[in-house]
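Asker: If it helps, the file is called input03.pdb and holds PDB, C-alpha atoms:
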```
MODEL        1
ATOM      1  CA  MET P   1      32.428  10.423 160.604
ATOM      2  CA  LYS P   2      29.479  12.657 159.709
ATOM      3  CA  PRO P   3      28.308  14.954 162.509
ATOM      4  CA  LEU P   4      25.056  14.002 164.206
ATOM      5  CA  ILE P   5      23.516  17.370 163.304
ATOM      6  CA  SER P   6      24.626  19.490 160.356
ATOM      7  CA  ASN P   7      21.378  20.738 158.762
ATOM      8  CA  ILE P   8      18.555  22.203 160.834
ATOM      9  CA  VAL P   9      15.076  23.323 159.761
ATOM     10  CA  VAL P  10      13.101  25.478 162.192
ATOM     11  CA  ALA P  11       9.373  26.100 161.752
ATOM     12  CA  ILE P  12       8.177  29.667 162.286
ATOM     13  CA  SER P  13       4.510  30.445 162.899
ATOM     14  CA  GLY P  14       4.802  33.830 164.550
ATOM     15  CA  SER P  15       3.883  32.495 167.964
ATOM     16  CA  ASP P  16       6.121  33.228 170.941
ATOM     17  CA  ALA P  17       6.932  29.510 171.032
ATOM     18  CA  SER P  18       8.142  29.512 167.423
ATOM     19  CA  ILE P  19      10.301  32.605 168.012
ATOM     20  CA  ASN P  20      11.827  30.827 171.014
ATOM     21  CA  ALA P  21      12.387  27.799 168.752
ATOM     22  CA  ALA P  22      14.191  30.099 166.307
ATOM     23  CA  LYS P  23      16.439  31.386 169.113
ATOM     24  CA  TYR P  24      17.101  27.787 170.164
ATOM     25  CA  ALA P  25      17.907  26.830 166.560
ATOM     26  CA  ILE P  26      20.211  29.827 166.093
ATOM     27  CA  THR P  27      22.019  28.981 169.328
ATOM     28  CA  LEU P  28      22.398  25.325 168.338
ATOM     29  CA  ALA P  29      23.508  26.149 164.783
ATOM     30  CA  ARG P  30      26.048  28.646 166.031
ATOM     31  CA  GLN P  31      27.479  26.331 168.693
ATOM     32  CA  TYR P  32      27.775  23.313 166.384
ATOM     33  CA  GLY P  33      28.432  24.976 163.011
ATOM     34  CA  CYS P  34      25.178  23.761 161.437
ATOM     35  CA  SER P  35      23.393  25.186 158.436
ATOM     36  CA  LEU P  36      20.013  26.627 159.369
ATOM     37  CA  THR P  37      16.829  27.159 157.401
ATOM     38  CA  ALA P  38      13.752  28.874 158.851
ATOM     39  CA  VAL P  39      10.409  28.305 157.167
ATOM     40  CA  TYR P  40       7.025  29.963 157.510
ATOM     41  CA  VAL P  41       4.133  28.154 155.828
ATOM     42  CA  VAL P  42       1.050  30.005 154.630
ATOM     43  CA  ASP P  43      -1.616  27.382 155.299
ATOM     44  CA  THR P  44      -3.401  27.490 151.956
ATOM     45  CA  ALA P  45      -4.716  23.966 152.521
ATOM     46  CA  THR P  46      -6.895  25.172 155.401
ATOM     47  CA  LEU P  47      -7.913  28.260 153.434
ATOM     48  CA  ARG P  48      -9.116  26.013 150.578
ATOM     49  CA  ARG P  49     -11.154  23.937 153.045
ATOM     50  CA  LEU P  50     -12.735  27.112 154.433
ATOM     51  CA  VAL P  51     -13.795  28.147 150.919
ATOM     52  CA  ILE P  52     -15.157  24.683 150.087
ATOM     53  CA  THR P  53     -17.238  24.617 153.273
ATOM     54  CA  ASN P  54     -18.515  28.160 152.573
ATOM     55  CA  ILE P  55     -16.945  29.613 155.704
ATOM     56  CA  PHE P  56     -14.900  31.963 153.492
ATOM     57  CA  ILE P  57     -15.712  33.257 150.048
ATOM     58  CA  GLU P  58     -12.920  33.362 147.441
ATOM     59  CA  ASP P  59     -12.216  37.084 147.931
ATOM     60  CA  GLU P  60     -11.959  36.715 151.707
ATOM     61  CA  SER P  61      -9.621  33.784 151.283
ATOM     62  CA  ALA P  62      -7.368  35.710 148.886
ATOM     63  CA  ASP P  63      -7.231  38.706 151.252
ATOM     64  CA  TYR P  64      -6.471  36.477 154.230
ATOM     65  CA  GLU P  65      -3.773  34.607 152.289
ATOM     66  CA  LYS P  66      -2.132  37.918 151.362
ATOM     67  CA  SER P  67      -2.236  38.965 155.031
ATOM     68  CA  LEU P  68      -0.646  35.661 156.080
ATOM     69  CA  GLU P  69       2.100  36.113 153.473
ATOM     70  CA  GLU P  70       2.867  39.603 154.800
ATOM     71  CA  ASN P  71       2.949  38.272 158.381
ATOM     72  CA  GLY P  72       5.205  35.421 157.298
ATOM     73  CA  GLU P  73       7.653  37.780 155.604
ATOM     74  CA  ARG P  74       7.705  39.981 158.720
ATOM     75  CA  TYR P  75       8.381  37.003 161.035
ATOM     76  CA  LEU P  76      11.084  35.651 158.731
ATOM     77  CA  LYS P  77      12.767  39.068 158.619
ATOM     78  CA  TYR P  78      12.735  39.109 162.428
ATOM     79  CA  VAL P  79      14.383  35.662 162.508
ATOM     80  CA  ARG P  80      16.993  36.812 159.939
ATOM     81  CA  ASP P  81      17.717  39.790 162.182
ATOM     82  CA  LEU P  82      18.101  37.500 165.209
ATOM     83  CA  ALA P  83      20.567  35.309 163.293
ATOM     84  CA  SER P  84      22.440  38.359 162.033
ATOM     85  CA  GLN P  85      22.872  39.589 165.628
ATOM     86  CA  LYS P  86      24.749  36.338 166.289
ATOM     87  CA  SER P  87      26.736  36.486 163.013
ATOM     88  CA  LEU P  88      24.956  33.405 161.708
ATOM     89  CA  LYS P  89      23.967  32.877 158.095
ATOM     90  CA  ILE P  90      20.375  31.654 157.812
ATOM     91  CA  GLU P  91      18.171  30.821 154.872
ATOM     92  CA  THR P  92      14.539  31.863 155.242
ATOM     93  CA  LEU P  93      11.721  30.536 153.099
ATOM     94  CA  LEU P  94       8.034  31.268 152.821
ATOM     95  CA  ARG P  95       6.064  28.293 151.539
ATOM     96  CA  LYS P  96       2.397  27.718 150.738
ATOM     97  CA  GLY P  97       0.401  24.546 151.342
ATOM     98  CA  ALA P  98      -0.360  22.308 154.293
ATOM     99  CA  ILE P  99       1.920  23.262 157.188
ATOM    100  CA  TYR P 100       3.242  19.792 157.981
ATOM    101  CA  THR P 101       3.573  18.753 154.335
ATOM    102  CA  GLU P 102       5.684  21.770 153.463
ATOM    103  CA  ILE P 103       7.911  21.470 156.533
ATOM    104  CA  LEU P 104       8.510  17.769 155.899
ATOM    105  CA  ARG P 105       9.147  18.423 152.188
ATOM    106  CA  LEU P 106      11.675  21.132 153.037
ATOM    107  CA  ALA P 107      13.410  18.892 155.573
ATOM    108  CA  ASP P 108      13.800  16.262 152.844
ATOM    109  CA  GLU P 109      15.030  18.840 150.297
ATOM    110  CA  LYS P 110      17.630  20.163 152.739
ATOM    111  CA  SER P 111      18.611  16.697 153.980
ATOM    112  CA  ALA P 112      17.841  17.998 157.450
ATOM    113  CA  ASP P 113      19.141  16.090 160.433
ATOM    114  CA  LEU P 114      16.827  17.964 162.784
ATOM    115  CA  ILE P 115      13.513  19.818 162.680
ATOM    116  CA  ILE P 116      12.927  22.245 165.524
ATOM    117  CA  LEU P 117       9.384  23.198 166.522
ATOM    118  CA  GLY P 118       8.133  25.587 169.155
ATOM    119  CA  GLY P 119       6.618  24.062 172.280
ATOM    120  CA  TRP P 120       2.894  24.025 172.746
ATOM    121  CA  GLU P 121       1.641  27.167 174.417
ATOM    122  CA  ARG P 122      -0.611  26.615 177.395
ATOM    123  CA  GLN P 123      -3.186  29.170 176.320
ATOM    124  CA  ARG P 124      -3.645  27.550 172.901
ATOM    125  CA  GLN P 125      -6.186  24.819 172.404
ATOM    126  CA  GLY P 126      -4.831  21.322 171.925
ATOM    127  CA  ARG P 127      -6.710  20.971 168.666
ATOM    128  CA  ASP P 128      -5.532  24.105 166.860
ATOM    129  CA  ILE P 129      -3.946  23.933 163.418
ATOM    130  CA  ILE P 130      -0.374  24.387 164.663
ATOM    131  CA  SER P 131      -0.732  21.582 167.227
ATOM    132  CA  GLU P 132      -2.139  19.253 164.572
ATOM    133  CA  ALA P 133       0.716  20.141 162.212
ATOM    134  CA  HIS P 134       3.272  19.475 164.954
ATOM    135  CA  LYS P 135       1.757  16.049 165.620
ATOM    136  CA  GLU P 136       1.940  15.170 161.923
ATOM    137  CA  ILE P 137       5.569  16.285 161.782
ATOM    138  CA  LEU P 138       6.466  14.263 164.884
ATOM    139  CA  VAL P 139       4.873  11.149 163.418
ATOM    140  CA  ASN P 140       6.043  11.469 159.805
ATOM    141  CA  ALA P 141       9.475  13.126 159.874
ATOM    142  CA  LYS P 142      12.384  11.099 158.538
ATOM    143  CA  CYS P 143      14.810  12.926 160.818
ATOM    144  CA  SER P 144      14.818  13.806 164.495
ATOM    145  CA  VAL P 145      12.358  16.413 165.753
ATOM    146  CA  LEU P 146      13.058  18.626 168.725
ATOM    147  CA  VAL P 147      10.299  20.521 170.497
ATOM    148  CA  ALA P 148      12.021  23.572 171.987
ATOM    149  CA  LYS P 149      10.655  24.246 175.442
ATOM    150  CA  GLU P 150      13.686  25.953 176.930
ATOM    151  CA  GLU P 151      12.181  28.619 179.162
ATOM    152  CA  GLY P 152      15.541  30.299 179.645
ATOM    153  CA  ILE P 153      16.360  30.564 175.945
ATOM    154  CA  GLU P 154      16.293  34.365 176.038
ATOM    155  CA  LYS P 155      19.100  34.422 178.615
ATOM    156  CA  ILE P 156      21.101  31.760 176.753
ATOM    157  CA  PHE P 157      20.553  33.533 173.423
ATOM    158  CA  SER P 158      21.667  36.898 174.830
ATOM    159  CA  ARG P 159      24.949  35.391 176.116
ATOM    160  CA  LEU P 160      25.768  33.735 172.784
TER     161      LEU P 160
ENDMDL
END
```
Spell out the structure here as structure tokens.
Answerer:
Amino acid sequence: MKPLISNIVVAISGSDASINAAKYAITLARQYGCSLTAVYVVDTATLRRLVITNIFIEDESADYEKSLEENGERYLKYVRDLASQKSLKIETLLRKGAIYTEILRLADEKSADLIILGGWERQRQGRDIISEAHKEILVNAKCSVLVAKEEGIEKIFSRL
């Protein structure tokens, strides 16, 4: 019988909630022997909309996209380091496009059994881009989606 969970995708945005989701995913993958992929999506879809509506000019958009790529690489390196501390192999990917589209596409490509997202942070507005992406993922994912809200994940992660 196939295990209930064998392939996990965790979404990284750089928020504290997404880093906690990464720790949750690493813990789960380690405990159950799952493969784990972390993904950071540079939201080029929103950047294109900002250019079309004249909020950004092309040069500003290109500079901002480059900054987001650098941030994404830094966050993914941090997640690789976290996994390495727990002797867990992890694949990290930086994608470009609409956040939810790329996460769902990756989940399909990896035949993911589970997508892990960070919980909503209280100080963030309910209508921000990440919250909208999470809603789209929850509605459209073909596999289970877990919203990691474990407040004690740091303690659990440190004991792993």
Asker: For Val79 (chain P), find every residue with an atom within 10 Å (counting only C-alpha atoms), except residues of its own chain fewer than 5 positions away, and show them as a PDB file with C-alpha atoms, in the frame of the given file.
Answerer:
```pdb
ATOM      1  CA  ILE P  12       8.177  29.667 162.286  1.00  0.00           C
ATOM      2  CA  GLY P  14       4.802  33.830 164.550  1.00  0.00           C
ATOM      3  CA  ILE P  19      10.301  32.605 168.012  1.00  0.00           C
ATOM      4  CA  ALA P  22      14.191  30.099 166.307  1.00  0.00           C
ATOM      5  CA  LYS P  23      16.439  31.386 169.113  1.00  0.00           C
ATOM      6  CA  ILE P  26      20.211  29.827 166.093  1.00  0.00           C
ATOM      7  CA  ALA P  38      13.752  28.874 158.851  1.00  0.00           C
ATOM      8  CA  VAL P  39      10.409  28.305 157.167  1.00  0.00           C
ATOM      9  CA  GLU P  73       7.653  37.780 155.604  1.00  0.00           C
ATOM     10  CA  ARG P  74       7.705  39.981 158.720  1.00  0.00           C
ATOM     11  CA  SER P  84      22.440  38.359 162.033  1.00  0.00           C
ATOM     12  CA  GLN P  85      22.872  39.589 165.628  1.00  0.00           C
ATOM     13  CA  ILE P  90      20.375  31.654 157.812  1.00  0.00           C
ATOM     14  CA  GLU P  91      18.171  30.821 154.872  1.00  0.00           C
ATOM     15  CA  THR P  92      14.539  31.863 155.242  1.00  0.00           C
TER      16      THR P  92
END
```
Asker: Selected by the PyMOL selection byres ((chain P and resi 143) around 12) in the shown coordinates: which residues, as an MDAnalysis selection string?
Answerer: chainID P and resid 4:9 103:108 110:116 137:142 144:146
Asker: Can you pull out every residue within 9 Å of Lys89 (chain P), counting all atoms listed in the file, but drop anything in the same chain fewer than 2 positions away, and send it as a list in words?
Answerer: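 After dropping sequence-adjacent residues, the list is Ser35, Leu36, Arg80, Ala83, Ser84, Lys86, Ser87 and Glu91 of chain P.
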Asker: Would you please work out which residue, of P:Asp63, P:Asp16, P:Glu150, P:Glu136, is nearest to Ala98 (chain P) when using only C-alpha atoms?
Answerer: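 That would be P:Glu136, the residue with the smallest distance to Ala98 (chain P).
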Asker: Restricting the calculation to only C-alpha atoms: of P:Ala133, P:Val147, P:Met1, P:Val41, which residue gets closest to Tyr24 (chain P)?
Answerer: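 Smallest separation from Tyr24 (chain P) among the options: P:Val147.
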Asker: Which residues are close to Val42 (chain P), i.e. within 10 Å by all atoms listed in the file, leaving aside same-chain residues fewer than 5 positions away? Reply as a PyMOL selection string.
Answerer: chain P and resi 13+47+64-72+94-99+102
Asker: Nearest residue to Ala45 (chain P) out of P:Ala17, P:Tyr100, P:Thr27, P:Leu88, using all atoms listed in the file?
Answerer: P:Tyr100
Asker: Go ahead and compute the interatomic distance for CA of Ala148 (chain P) and CA of Ala29 (chain P), in Å to one decimal.
Answerer: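 Separation of CA of Ala148 (chain P) and CA of Ala29 (chain P): 13.8 Å.
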Asker: Given the file shown, enumerate the residues that the PyMOL selection byres ((chain P and resi 153) around 9) captures and present them as a list in words.
Answerer: Asn20, Ala21, Lys23, Tyr24, Thr27, Lys149, Glu150, Glu151, Gly152, Glu154, Lys155, Ile156, Phe157 and Ser158 of chain P
Asker: As an exercise, work out the distance from CA of Tyr32 (chain P) to CA of Leu117 (chain P) in Å and give it to one decimal place.
Answerer: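 Distance reported for this atom pair: 18.4 Å.
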Asker: Would you save region 68-97 of chain P to a file, keeping N, CA and C atoms, as a short mmCIF file (atom, residue, chain, number, x, y, z; two decimals), in the first residue's frame?
Answerer:
```cif
data_model
loop_
_atom_site.label_atom_id
_atom_site.label_comp_id
_atom_site.auth_asym_id
_atom_site.auth_seq_id
_atom_site.Cartn_x
_atom_site.Cartn_y
_atom_site.Cartn_z
N LEU P 68 13.52 40.63 -6.00
CA LEU P 68 12.73 39.48 -5.53
C LEU P 68 13.46 38.16 -5.77
N GLU P 69 14.13 38.04 -6.91
CA GLU P 69 14.90 36.83 -7.20
C GLU P 69 16.01 36.65 -6.16
N GLU P 70 16.73 37.73 -5.86
CA GLU P 70 17.80 37.66 -4.87
C GLU P 70 17.25 37.28 -3.49
N ASN P 71 16.11 37.87 -3.11
CA ASN P 71 15.47 37.51 -1.84
C ASN P 71 15.08 36.04 -1.85
N GLY P 72 14.48 35.59 -2.95
CA GLY P 72 14.07 34.20 -3.06
C GLY P 72 15.23 33.25 -2.91
N GLU P 73 16.34 33.54 -3.56
CA GLU P 73 17.53 32.68 -3.45
C GLU P 73 18.04 32.66 -2.01
N ARG P 74 18.00 33.81 -1.34
CA ARG P 74 18.45 33.88 0.05
C ARG P 74 17.55 33.04 0.97
N TYR P 75 16.22 33.16 0.78
CA TYR P 75 15.29 32.38 1.60
C TYR P 75 15.43 30.89 1.33
N LEU P 76 15.60 30.52 0.07
CA LEU P 76 15.76 29.11 -0.26
C LEU P 76 17.06 28.54 0.31
N LYS P 77 18.12 29.33 0.30
CA LYS P 77 19.37 28.89 0.93
C LYS P 77 19.16 28.67 2.42
N TYR P 78 18.42 29.56 3.06
CA TYR P 78 18.14 29.41 4.49
C TYR P 78 17.38 28.10 4.75
N VAL P 79 16.41 27.80 3.90
CA VAL P 79 15.62 26.57 4.06
C VAL P 79 16.51 25.34 3.81
N ARG P 80 17.40 25.42 2.81
CA ARG P 80 18.36 24.32 2.58
C ARG P 80 19.23 24.10 3.81
N ASP P 81 19.67 25.20 4.41
CA ASP P 81 20.48 25.10 5.63
C ASP P 81 19.70 24.46 6.77
N LEU P 82 18.43 24.84 6.91
CA LEU P 82 17.59 24.23 7.95
C LEU P 82 17.48 22.72 7.74
N ALA P 83 17.24 22.31 6.49
CA ALA P 83 17.11 20.89 6.18
C ALA P 83 18.44 20.17 6.42
N SER P 84 19.53 20.80 6.05
CA SER P 84 20.85 20.22 6.24
C SER P 84 21.14 19.99 7.72
N GLN P 85 20.71 20.91 8.57
CA GLN P 85 20.89 20.75 10.02
C GLN P 85 20.23 19.47 10.52
N LYS P 86 19.17 19.04 9.84
CA LYS P 86 18.43 17.84 10.24
C LYS P 86 18.75 16.65 9.35
N SER P 87 19.85 16.77 8.58
CA SER P 87 20.31 15.69 7.69
C SER P 87 19.22 15.25 6.71
N LEU P 88 18.50 16.23 6.19
CA LEU P 88 17.42 15.94 5.24
C LEU P 88 17.77 16.54 3.88
N LYS P 89 17.63 15.72 2.85
CA LYS P 89 17.82 16.19 1.49
C LYS P 89 16.56 16.96 1.07
N ILE P 90 16.76 18.14 0.49
CA ILE P 90 15.64 18.96 0.05
C ILE P 90 15.97 19.54 -1.31
N GLU P 91 14.99 19.60 -2.16
CA GLU P 91 15.14 20.28 -3.44
C GLU P 91 14.54 21.67 -3.28
N THR P 92 15.25 22.68 -3.75
CA THR P 92 14.72 24.04 -3.69
C THR P 92 14.65 24.60 -5.10
N LEU P 93 13.54 25.28 -5.38
CA LEU P 93 13.32 25.83 -6.71
C LEU P 93 12.82 27.27 -6.63
N LEU P 94 13.33 28.09 -7.50
CA LEU P 94 12.83 29.45 -7.66
C LEU P 94 12.05 29.47 -8.97
N ARG P 95 10.82 29.86 -8.92
CA ARG P 95 9.97 29.92 -10.10
C ARG P 95 9.51 31.35 -10.33
N LYS P 96 9.05 31.62 -11.54
CA LYS P 96 8.50 32.94 -11.87
C LYS P 96 7.12 32.75 -12.47
N GLY P 97 6.20 33.65 -12.10
CA GLY P 97 4.83 33.59 -12.61
C GLY P 97 3.86 34.00 -11.53
#
```
